[in-house]
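Enquirer: The structure file structure_33.cif (mmCIF, C-alpha atoms) is provided below.
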data_work
loop_
_atom_site.label_atom_id
_atom_site.label_comp_id
_atom_site.auth_asym_id
_atom_site.auth_seq_id
_atom_site.Cartn_x
_atom_site.Cartn_y
_atom_site.Cartn_z
CA MET A 8 -57.27 64.82 28.17
CA THR A 9 -53.95 63.55 26.86
CA PRO A 10 -51.02 62.83 29.20
CA ARG A 11 -49.27 65.89 27.76
CA GLN A 12 -52.28 68.10 28.50
CA ALA A 13 -52.49 66.77 32.05
CA LEU A 14 -48.85 67.59 32.58
CA ARG A 15 -49.40 71.20 31.42
CA GLY A 16 -52.22 71.62 33.92
CA ASN A 17 -50.38 70.89 37.14
CA GLY A 18 -46.97 69.57 36.21
CA ARG A 19 -47.61 66.13 37.75
CA TRP A 20 -48.63 62.71 36.33
CA PRO A 21 -51.70 61.09 37.84
CA ALA A 22 -50.73 58.14 40.02
CA ALA A 23 -53.13 55.75 38.26
CA LEU A 24 -51.66 56.62 34.90
CA ILE A 25 -48.12 56.05 36.14
CA ALA A 26 -49.10 52.62 37.54
CA ALA A 27 -50.72 51.65 34.25
CA LEU A 28 -47.65 52.65 32.26
CA VAL A 29 -45.36 50.69 34.62
CA ALA A 30 -47.58 47.61 34.30
CA MET A 31 -47.49 47.88 30.53
CA VAL A 32 -43.70 47.98 30.58
CA LEU A 33 -43.48 45.00 32.96
CA VAL A 34 -45.91 42.89 30.94
CA SER A 35 -44.06 43.76 27.80
CA GLY A 36 -40.74 42.82 29.44
CA CYS A 37 -42.08 39.52 30.80
CA ALA A 38 -43.58 38.65 27.45
CA THR A 39 -40.29 39.38 25.77
CA ALA A 40 -38.35 37.22 28.33
CA ALA A 41 -40.86 34.36 27.98
CA ALA A 42 -40.64 34.48 24.23
CA ARG A 43 -36.88 34.54 24.42
CA ALA A 44 -36.82 31.51 26.78
CA THR A 45 -39.19 29.56 24.53
CA HIS A 46 -37.06 30.38 21.53
CA GLU A 47 -33.88 29.32 23.33
CA GLN A 48 -35.51 26.10 24.49
CA LYS A 49 -36.62 25.24 20.97
CA GLN A 50 -33.21 26.14 19.65
CA ALA A 51 -31.52 23.89 22.28
CA GLN A 52 -33.86 21.04 21.36
CA GLN A 53 -33.03 21.52 17.73
CA THR A 54 -29.27 21.66 18.28
CA ALA A 55 -28.90 18.96 21.03
CA PRO A 56 -27.65 15.66 19.57
CA VAL A 57 -30.28 12.93 19.45
CA VAL A 58 -28.98 9.75 21.09
CA PRO A 59 -30.71 6.67 19.66
CA ALA A 60 -31.92 3.80 21.82
CA SER A 61 -29.52 0.86 22.08
CA VAL A 62 -29.21 -2.66 23.49
CA THR A 63 -26.17 -4.38 25.00
CA PRO A 64 -24.77 -6.84 23.96
CA ALA A 65 -25.02 -5.78 20.34
CA ASP A 66 -27.26 -7.66 17.96
CA GLY A 67 -25.69 -10.94 16.84
CA THR A 68 -23.14 -11.23 19.68
CA ASP A 69 -22.17 -14.81 20.56
CA GLY A 70 -20.56 -16.29 23.67
CA VAL A 71 -22.08 -13.84 26.16
CA GLY A 72 -21.45 -14.75 29.80
CA PRO A 73 -24.54 -15.17 32.02
CA ARG A 74 -23.35 -12.31 34.26
CA THR A 75 -22.30 -9.96 31.44
CA ASP A 76 -23.72 -6.42 31.54
CA VAL A 77 -27.05 -6.69 29.68
CA THR A 78 -29.06 -3.47 29.20
CA ALA A 79 -31.58 -1.66 27.04
CA ASP A 80 -30.95 2.10 26.93
CA GLY A 81 -33.53 4.64 25.78
CA GLY A 82 -30.90 7.16 24.67
CA SER A 83 -32.52 10.62 24.40
CA GLY A 84 -35.95 9.07 24.81
CA THR A 85 -37.63 6.55 27.08
CA LEU A 86 -38.46 2.85 26.98
CA ARG A 87 -41.83 1.13 26.97
CA ASP A 88 -42.87 -2.53 27.27
CA VAL A 89 -39.29 -3.83 27.28
CA ALA A 90 -38.83 -7.61 27.33
CA LEU A 91 -35.90 -9.98 26.88
CA THR A 92 -37.05 -13.51 26.08
CA ASN A 93 -35.28 -16.81 25.57
CA ALA A 94 -35.80 -19.22 22.68
CA LYS A 95 -38.85 -20.72 24.46
CA GLY A 96 -40.47 -17.31 24.78
CA VAL A 97 -39.91 -17.07 28.53
CA ALA A 98 -39.18 -13.51 29.63
CA VAL A 99 -36.17 -12.70 31.81
CA ALA A 100 -37.08 -10.87 35.01
CA GLY A 101 -35.92 -7.27 34.90
CA THR A 102 -36.50 -3.74 36.09
CA LEU A 103 -37.00 -0.36 34.40
CA SER A 104 -35.34 2.70 35.93
CA ASP A 105 -37.54 5.41 37.43
CA ASP A 106 -36.91 7.71 34.46
CA ALA A 107 -37.82 4.86 32.06
CA LYS A 108 -34.47 5.24 30.29
CA ARG A 109 -32.74 1.99 31.29
CA TRP A 110 -33.84 -1.65 31.64
CA THR A 111 -31.66 -4.31 33.28
CA PRO A 112 -32.26 -7.98 34.13
CA THR A 113 -32.58 -8.97 37.78
CA GLU A 114 -31.59 -12.61 37.25
CA PRO A 115 -28.62 -14.23 35.50
CA LEU A 116 -29.10 -15.64 32.02
CA GLY A 117 -28.85 -19.32 31.18
CA TYR A 118 -26.03 -21.08 29.40
CA GLY A 119 -26.25 -21.83 25.68
CA GLY A 120 -29.39 -19.77 24.99
CA THR A 121 -30.54 -17.22 22.45
CA TYR A 122 -32.17 -14.08 23.85
CA THR A 123 -34.26 -11.58 21.87
CA TRP A 124 -35.25 -8.00 22.66
CA SER A 125 -38.71 -6.49 22.19
CA GLY A 126 -40.38 -3.26 23.25
CA THR A 127 -40.45 0.35 22.11
CA ALA A 128 -38.17 3.36 22.35
CA VAL A 129 -40.08 6.67 22.48
CA ALA A 130 -38.12 9.72 21.28
CA ALA A 131 -38.51 13.22 22.78
CA ASP A 132 -40.75 14.27 19.87
CA GLY A 133 -43.05 11.28 20.41
CA THR A 134 -41.85 9.14 17.53
CA THR A 135 -41.44 5.44 18.35
CA THR A 136 -38.90 2.84 17.27
CA PRO A 137 -39.16 -0.88 18.05
CA LEU A 138 -36.36 -2.44 20.11
CA ALA A 139 -34.75 -5.28 18.21
CA GLY A 140 -31.77 -7.59 18.32
CA SER A 141 -30.68 -10.89 19.79
CA PHE A 142 -27.57 -12.52 21.22
CA THR A 143 -26.42 -15.96 22.33
CA THR A 144 -24.92 -16.94 25.68
CA VAL A 145 -21.84 -19.09 26.07
CA THR A 146 -22.01 -22.89 26.17
CA PRO A 147 -19.28 -23.95 28.64
CA LYS A 148 -17.06 -26.88 27.82
CA ARG A 149 -16.84 -27.51 31.56
CA THR A 150 -18.47 -26.23 34.71
CA VAL A 151 -17.03 -25.88 38.20
CA LYS A 152 -19.00 -27.00 41.24
CA ALA A 153 -18.63 -25.36 44.66
CA THR A 154 -19.49 -26.90 48.04
CA THR A 155 -19.23 -25.63 51.60
CA ASN A 156 -18.54 -27.21 54.97
CA ILE A 157 -21.31 -25.59 57.04
CA GLY A 158 -24.92 -26.33 56.10
CA ASP A 159 -28.02 -24.19 56.53
CA GLY A 160 -29.30 -24.08 60.09
CA ALA A 161 -26.10 -25.42 61.66
CA THR A 162 -24.75 -24.22 64.99
CA VAL A 163 -20.95 -24.21 65.21
CA GLY A 164 -18.13 -23.25 67.55
CA VAL A 165 -16.41 -19.91 67.81
CA ALA A 166 -13.34 -20.94 65.77
CA ALA A 167 -15.19 -22.52 62.85
CA PRO A 168 -13.77 -21.53 59.45
CA ILE A 169 -16.02 -21.27 56.40
CA GLU A 170 -14.71 -23.44 53.58
CA VAL A 171 -15.69 -23.16 49.91
CA GLN A 172 -14.30 -26.11 47.96
CA PHE A 173 -14.14 -26.18 44.15
CA ASN A 174 -13.92 -29.43 42.25
CA ARG A 175 -11.24 -28.14 39.86
CA ASP A 176 -7.93 -26.34 40.19
CA LEU A 177 -8.23 -22.59 39.56
CA ASP A 178 -5.44 -20.33 38.38
CA GLN A 179 -4.71 -17.03 40.15
CA THR A 180 -6.85 -14.97 37.75
CA ALA A 181 -9.80 -17.29 38.28
CA LYS A 182 -9.34 -17.21 42.06
CA ALA A 183 -9.47 -13.40 41.98
CA ALA A 184 -12.66 -13.47 39.87
CA VAL A 185 -14.23 -16.01 42.22
CA GLU A 186 -13.25 -14.17 45.41
CA LYS A 187 -15.11 -11.08 44.21
CA SER A 188 -18.29 -13.18 44.27
CA LEU A 189 -17.77 -14.49 47.83
CA LYS A 190 -19.45 -12.63 50.67
CA VAL A 191 -19.91 -13.10 54.43
CA THR A 192 -22.45 -11.02 56.36
CA THR A 193 -22.97 -11.16 60.13
CA SER A 194 -25.54 -9.99 62.64
CA THR A 195 -22.82 -8.23 64.60
CA PRO A 196 -19.67 -6.68 63.11
CA VAL A 197 -16.90 -9.27 62.67
CA GLU A 198 -13.55 -8.65 61.01
CA GLY A 199 -12.48 -11.50 58.79
CA ALA A 200 -10.96 -12.40 55.43
CA TRP A 201 -10.83 -14.97 52.66
CA ALA A 202 -7.63 -16.90 52.05
CA TRP A 203 -6.76 -19.50 49.43
CA LEU A 204 -5.12 -22.56 50.91
CA PRO A 205 -2.94 -24.75 48.68
CA ASP A 206 -4.90 -26.80 46.14
CA ASP A 207 -5.49 -30.39 47.20
CA GLN A 208 -6.72 -33.53 45.46
CA GLN A 209 -10.25 -32.15 45.43
CA GLY A 210 -9.31 -28.87 43.73
CA SER A 211 -8.95 -25.26 44.86
CA ARG A 212 -10.34 -24.06 48.20
CA ALA A 213 -11.02 -20.71 49.83
CA HIS A 214 -11.43 -20.38 53.61
CA TRP A 215 -12.91 -17.44 55.53
CA ARG A 216 -12.09 -16.98 59.20
CA PRO A 217 -12.51 -14.10 61.62
CA LYS A 218 -9.47 -12.28 62.93
CA GLU A 219 -10.48 -13.30 66.45
CA TYR A 220 -12.93 -15.99 67.53
CA TRP A 221 -16.53 -15.41 66.46
CA PRO A 222 -18.71 -13.65 69.05
CA ALA A 223 -21.08 -16.23 70.55
CA GLY A 224 -24.60 -16.07 69.11
CA THR A 225 -23.59 -14.37 65.85
CA ARG A 226 -25.84 -15.15 62.87
CA VAL A 227 -23.84 -15.66 59.69
CA THR A 228 -24.75 -15.73 56.00
CA MET A 229 -22.24 -16.87 53.39
CA THR A 230 -23.02 -16.38 49.70
CA ALA A 231 -20.94 -17.56 46.76
CA ALA A 232 -22.46 -16.05 43.61
CA VAL A 233 -20.27 -18.17 41.35
CA TYR A 234 -22.83 -19.15 38.70
CA GLY A 235 -21.70 -17.74 35.38
CA VAL A 236 -18.29 -16.65 36.67
CA ASP A 237 -15.60 -17.26 34.05
CA MET A 238 -12.94 -19.39 35.77
CA GLY A 239 -10.65 -19.62 32.77
CA SER A 240 -9.47 -23.07 31.75
CA ALA A 241 -11.35 -24.64 34.69
CA GLY A 242 -14.70 -23.63 33.16
CA TYR A 243 -17.66 -21.57 34.33
CA GLY A 244 -19.35 -21.66 37.73
CA ALA A 245 -22.11 -24.26 37.77
CA ALA A 246 -24.37 -22.83 40.48
CA ASP A 247 -24.52 -20.27 43.27
CA LEU A 248 -23.95 -21.46 46.82
CA SER A 249 -25.11 -20.11 50.17
CA SER A 250 -25.37 -21.04 53.82
CA GLU A 251 -26.97 -19.48 56.90
CA PHE A 252 -25.80 -20.67 60.29
CA THR A 253 -25.31 -19.57 63.91
CA ILE A 254 -22.30 -19.38 66.20
CA GLY A 255 -23.11 -21.25 69.40
CA ARG A 256 -21.84 -20.80 72.93
CA SER A 257 -18.14 -20.04 73.39
CA GLN A 258 -16.26 -23.17 74.45
CA VAL A 259 -12.46 -23.19 74.47
CA VAL A 260 -10.27 -26.12 75.49
CA LYS A 261 -7.03 -25.06 77.18
CA ALA A 262 -4.58 -27.92 76.61
CA ASP A 263 -1.19 -27.27 78.23
CA VAL A 264 0.89 -30.39 77.64
CA THR A 265 3.13 -29.62 80.65
CA SER A 266 0.11 -29.60 82.98
CA HIS A 267 -1.05 -33.09 81.98
CA ARG A 268 -4.64 -31.81 82.11
CA ILE A 269 -7.27 -30.20 79.90
CA VAL A 270 -9.40 -27.30 81.08
CA VAL A 271 -12.69 -26.44 79.39
CA ILE A 272 -13.83 -22.79 79.49
CA ARG A 273 -17.45 -22.17 78.51
CA ASP A 274 -18.71 -18.61 78.12
CA GLY A 275 -15.82 -17.40 80.27
CA GLN A 276 -16.35 -19.91 83.10
CA GLN A 277 -14.32 -23.04 83.80
CA VAL A 278 -16.61 -26.06 83.56
CA LEU A 279 -14.15 -28.99 83.36
CA ASP A 280 -10.62 -29.73 84.58
CA LEU A 281 -9.61 -33.25 83.59
CA PRO A 282 -6.38 -35.27 83.92
CA ALA A 283 -4.87 -36.10 80.53
CA SER A 284 -1.86 -37.56 78.80
CA TYR A 285 -0.37 -35.97 75.67
CA GLY A 286 2.11 -37.12 73.01
CA LEU A 287 5.51 -38.44 74.01
CA GLU A 288 7.96 -35.53 73.65
CA THR A 289 11.05 -37.66 73.03
CA ASP A 290 9.68 -38.79 69.64
CA PRO A 291 8.93 -35.89 67.22
CA ASN A 292 6.41 -38.07 65.39
CA ARG A 293 4.39 -38.49 68.59
CA VAL A 294 4.38 -34.89 69.86
CA THR A 295 0.93 -33.28 70.23
CA ARG A 296 1.21 -30.18 68.04
CA SER A 297 1.11 -26.78 69.73
CA GLY A 298 -1.31 -24.29 68.24
CA THR A 299 -5.03 -23.68 67.92
CA HIS A 300 -6.77 -26.75 66.60
CA ILE A 301 -10.52 -26.94 66.02
CA VAL A 302 -13.00 -29.69 66.70
CA MET A 303 -13.65 -31.21 63.27
CA GLY A 304 -16.03 -34.02 64.18
CA LYS A 305 -16.68 -36.73 66.72
CA ALA A 306 -17.72 -40.39 66.89
CA GLU A 307 -18.52 -42.80 69.70
CA THR A 308 -15.96 -45.26 68.32
CA VAL A 309 -13.08 -44.67 65.92
CA LEU A 310 -10.77 -47.37 64.54
CA MET A 311 -7.24 -46.04 64.84
CA THR A 312 -4.25 -47.29 62.86
CA ASN A 313 -0.56 -46.46 63.06
CA LEU A 314 1.40 -49.28 61.46
CA ALA A 315 4.74 -47.65 62.30
CA TYR A 316 3.89 -48.11 65.97
CA GLY A 317 2.32 -51.52 65.70
CA TYR A 318 -1.42 -51.02 65.88
CA GLN A 319 -4.21 -51.27 63.32
CA ASN A 320 -7.98 -50.74 63.54
CA LEU A 321 -7.75 -50.29 67.29
CA PRO A 322 -11.20 -49.18 68.55
CA GLU A 323 -11.10 -46.08 70.73
CA LYS A 324 -14.16 -44.61 72.44
CA TRP A 325 -15.56 -41.07 72.62
CA ALA A 326 -13.19 -39.72 69.96
CA VAL A 327 -13.22 -36.00 69.12
CA ARG A 328 -11.06 -35.21 66.06
CA ILE A 329 -9.01 -32.00 66.38
CA SER A 330 -6.87 -32.22 63.23
CA ASN A 331 -6.48 -34.32 60.10
CA ASN A 332 -3.05 -35.59 61.13
CA GLY A 333 -4.60 -38.17 63.45
CA GLU A 334 -4.95 -36.07 66.61
CA PHE A 335 -8.01 -36.77 68.75
CA ILE A 336 -9.20 -36.19 72.28
CA HIS A 337 -10.40 -39.68 73.20
CA ALA A 338 -10.70 -42.30 75.89
CA ASN A 339 -7.79 -44.68 76.39
CA PRO A 340 -8.03 -47.00 79.39
CA ALA A 341 -4.47 -48.21 78.70
CA SER A 342 -2.99 -44.82 79.58
CA VAL A 343 -5.11 -44.04 82.65
CA GLY A 344 -2.10 -44.51 84.97
CA ALA A 345 -0.20 -41.78 83.07
CA GLN A 346 -3.10 -39.35 82.79
CA GLY A 347 -2.43 -36.31 84.95
CA ASN A 348 1.23 -37.36 85.39
CA ARG A 349 3.10 -38.18 82.19
CA ASN A 350 2.80 -37.77 78.42
CA VAL A 351 2.96 -41.16 76.74
CA THR A 352 0.53 -41.09 73.79
CA HIS A 353 1.15 -41.23 70.04
CA GLY A 354 -0.02 -37.60 69.67
CA CYS A 355 -3.61 -37.77 70.86
CA ILE A 356 -4.94 -36.36 74.13
CA ASN A 357 -5.98 -39.33 76.26
CA LEU A 358 -8.69 -39.22 78.94
CA SER A 359 -10.40 -41.87 81.03
CA LEU A 360 -13.60 -43.43 79.69
CA LYS A 361 -15.77 -41.38 82.05
CA ASN A 362 -13.97 -38.09 81.46
CA ALA A 363 -13.81 -38.64 77.70
CA LYS A 364 -17.58 -39.19 77.58
CA THR A 365 -18.14 -36.07 79.69
CA TYR A 366 -16.07 -33.92 77.32
CA PHE A 367 -17.42 -35.66 74.19
CA ASP A 368 -20.97 -34.64 75.07
CA THR A 369 -19.97 -30.95 75.13
CA ALA A 370 -17.87 -30.81 71.96
CA MET A 371 -19.10 -29.05 68.82
CA PHE A 372 -17.63 -28.56 65.36
CA GLY A 373 -15.55 -25.38 65.38
CA ASP A 374 -14.66 -25.36 69.08
CA PRO A 375 -11.04 -24.21 69.50
CA VAL A 376 -8.57 -26.50 71.24
CA GLU A 377 -5.55 -24.42 72.25
CA VAL A 378 -2.56 -26.72 72.67
CA THR A 379 0.48 -25.12 74.28
CA GLY A 380 3.86 -26.19 75.68
CA SER A 381 4.96 -28.81 73.14
CA SER A 382 8.07 -28.76 70.96
CA VAL A 383 6.34 -29.01 67.55
CA THR A 384 3.83 -26.48 66.21
CA LEU A 385 0.74 -27.16 64.14
CA SER A 386 1.27 -26.41 60.44
CA ALA A 387 0.12 -27.17 56.90
CA ALA A 388 1.90 -30.52 57.23
CA ASP A 389 -0.76 -31.56 59.75
CA GLY A 390 -3.74 -31.81 57.44
CA ASP A 391 -6.06 -29.60 55.46
CA VAL A 392 -7.45 -27.44 58.30
CA TYR A 393 -4.82 -25.35 60.05
CA ASP A 394 -6.41 -21.91 59.66
CA TRP A 395 -5.58 -20.67 63.17
CA ALA A 396 -1.93 -21.67 62.82
CA VAL A 397 -1.53 -18.77 60.32
CA ASP A 398 -1.07 -15.31 61.85
CA TRP A 399 -3.50 -12.62 60.74
CA SER A 400 -1.22 -10.61 58.45
CA ALA A 401 -0.08 -13.77 56.67
CA TRP A 402 -3.71 -14.89 56.36
CA GLN A 403 -4.67 -11.62 54.71
CA SER A 404 -1.82 -11.96 52.21
CA MET A 405 -3.33 -15.28 51.08
CA SER A 406 -6.29 -13.48 49.51
CA ALA A 407 -6.29 -13.60 45.70
CA LEU A 408 -7.16 -9.89 45.81
CA SER A 409 -4.27 -8.81 48.04
CA SER A 410 -1.96 -6.30 46.39
#
Starting from the file, lay out its structure as structure tokens.
Expert:
Amino acid sequence: MTPRQALRGNGRWPAALIAALVAMVLVSGCATAAARATHEQKQAQQTAPVVPASVTPADGTDGVGPRTDVTADGGSGTLRDVALTNAKGVAVAGTLSDDAKRWTPTEPLGYGGTYTWSGTAVAADGTTTPLAGSFTTVTPKRTVKATTNIGDGATVGVAAPIEVQFNRDLDQTAKAAVEKSLKVTTSTPVEGAWAWLPDDQQGSRAHWRPKEYWPAGTRVTMTAAVYGVDMGSAGYGAADLSSEFTIGRSQVVKADVTSHRIVVIRDGQQVLDLPASYGLETDPNRVTRSGTHIVMGKAETVLMTNLAYGYQNLPEKWAVRISNNGEFIHANPASVGAQGNRNVTHGCINLSLKNAKTYFDTAMFGDPVEVTGSSVTLSAADGDVYDWAVDWSAWQSMSALSS
């Protein structure tokens, strides 16, 4: 019976026949949509521009910096067996992206070397093209060495600045390039900043200090990724530099010159209160400078000289240096009668032999010594370390990256 005959018999289509016809239509529609999609996909593949594989720097480039962007790019395809080797055939360590389209080195290149690409670029249609090309890195006329003041494993006081000293003078552009490579990370959040202090006889220098004293117990890592950094006329960075150290207990010396005493506060508790004599106020050259000094070092005996005041190579015991203008906290038996009563020294803080030894044994590099009450303030004229004499906003403006 034909569908037309069935319709004449009772005027209705059989349900099974209707379902079959609907299925036929759906299958036909799906097939048409699938065919259309396949056609569109092929058409898109045919019309999409084919991007060839490439390497950077371009083949034959000379004078490439060790930290220049070096990449192999698969373009429209992918990369396989990529290698970048030096003239001795040693491969540079590198990594291929997850989609196999980009390879980059994971270590800086050497100076004065020729590097050659190898590997294969695989196009979307499966065709392969060998990677090729070579380039040469720069040979510096000069290199710049960096050193730091805090060594690995050290424990320092809560006011310790981090110093990075360069052995050549850097111009402002070079300082900005260098500062981008300097980084300080801490085990607990600490706000701080880099500042460039005036160049000295050793060269340029960048200091990092926290806005407030370091939290006791903080673990600190300083990295200076300066190898390969172009420092202009000074040269290129010779080597990276790093240091990992710890902030020790908090010890602050409160040194009020009008009190004729020093008070030592450790972890918030007073542990020492000692009679002292400070610099003679009637002579500006002998005034103990007001401001936050830091302990810079200590020695059992220091030979002190001040020809203007008639002494040379005078041995003084239990000497703790607090600035590079000649200020120490040290023993001086000659001023014991004035200690606790009058200020008679040539700028140092004098203690008795016993008290000086007691304080000496507690002192650590980076401990703050807060001198107050004198008529002359600590400044850049008082040596190379005066970081805490600069207020925070001024310190921030001394960054080479400040706008």
Enquirer: At a cut-off of 7 Å, using all atoms listed in the file, what residues contact Val77 (chain A)? Leave out same-chain residues fewer than 4 positions from it and give the result as a PyMOL selection string.
Expert: chain A and resi 63-64+111-112
Enquirer: For the structure provided, state which residues fall under the PyMOL selection byres ((chain A and resi 296) around 7), and present them as an NGL selection string.
Expert: :A and (294-295 or 297-298 or 378 or 381 or 383-385)
Enquirer: So that I can see what lies close to region 401-406 of chain A, please list as a list of chain:residue names the residues with an atom at most 7 Å from it, counting all atoms listed in the file and leaving out residues fewer than 5 positions away in the same chain.
Expert: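 Result of the neighbour search: A:Ala200, A:Trp201, A:Ala202, A:Trp203.
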Enquirer: When the PyMOL selection byres ((chain A and resi 272) around 9) is applied to the structure above, which residues does it catch, written out as a list in words?
Expert: Ser257, Gln258, Val259, Val260, Lys261, Val270, Val271, Arg273, Asp274, Gly275, Gln276, Gln277, Val278 and Leu279 of chain A
Enquirer: Given the file above and the PyMOL selection byres ((chain A and resi 233) around 7), which residues are selected, and can you give them as a ChimeraX atom specification?
Expert: /A:185,188,231-232,234-236,244,246-247
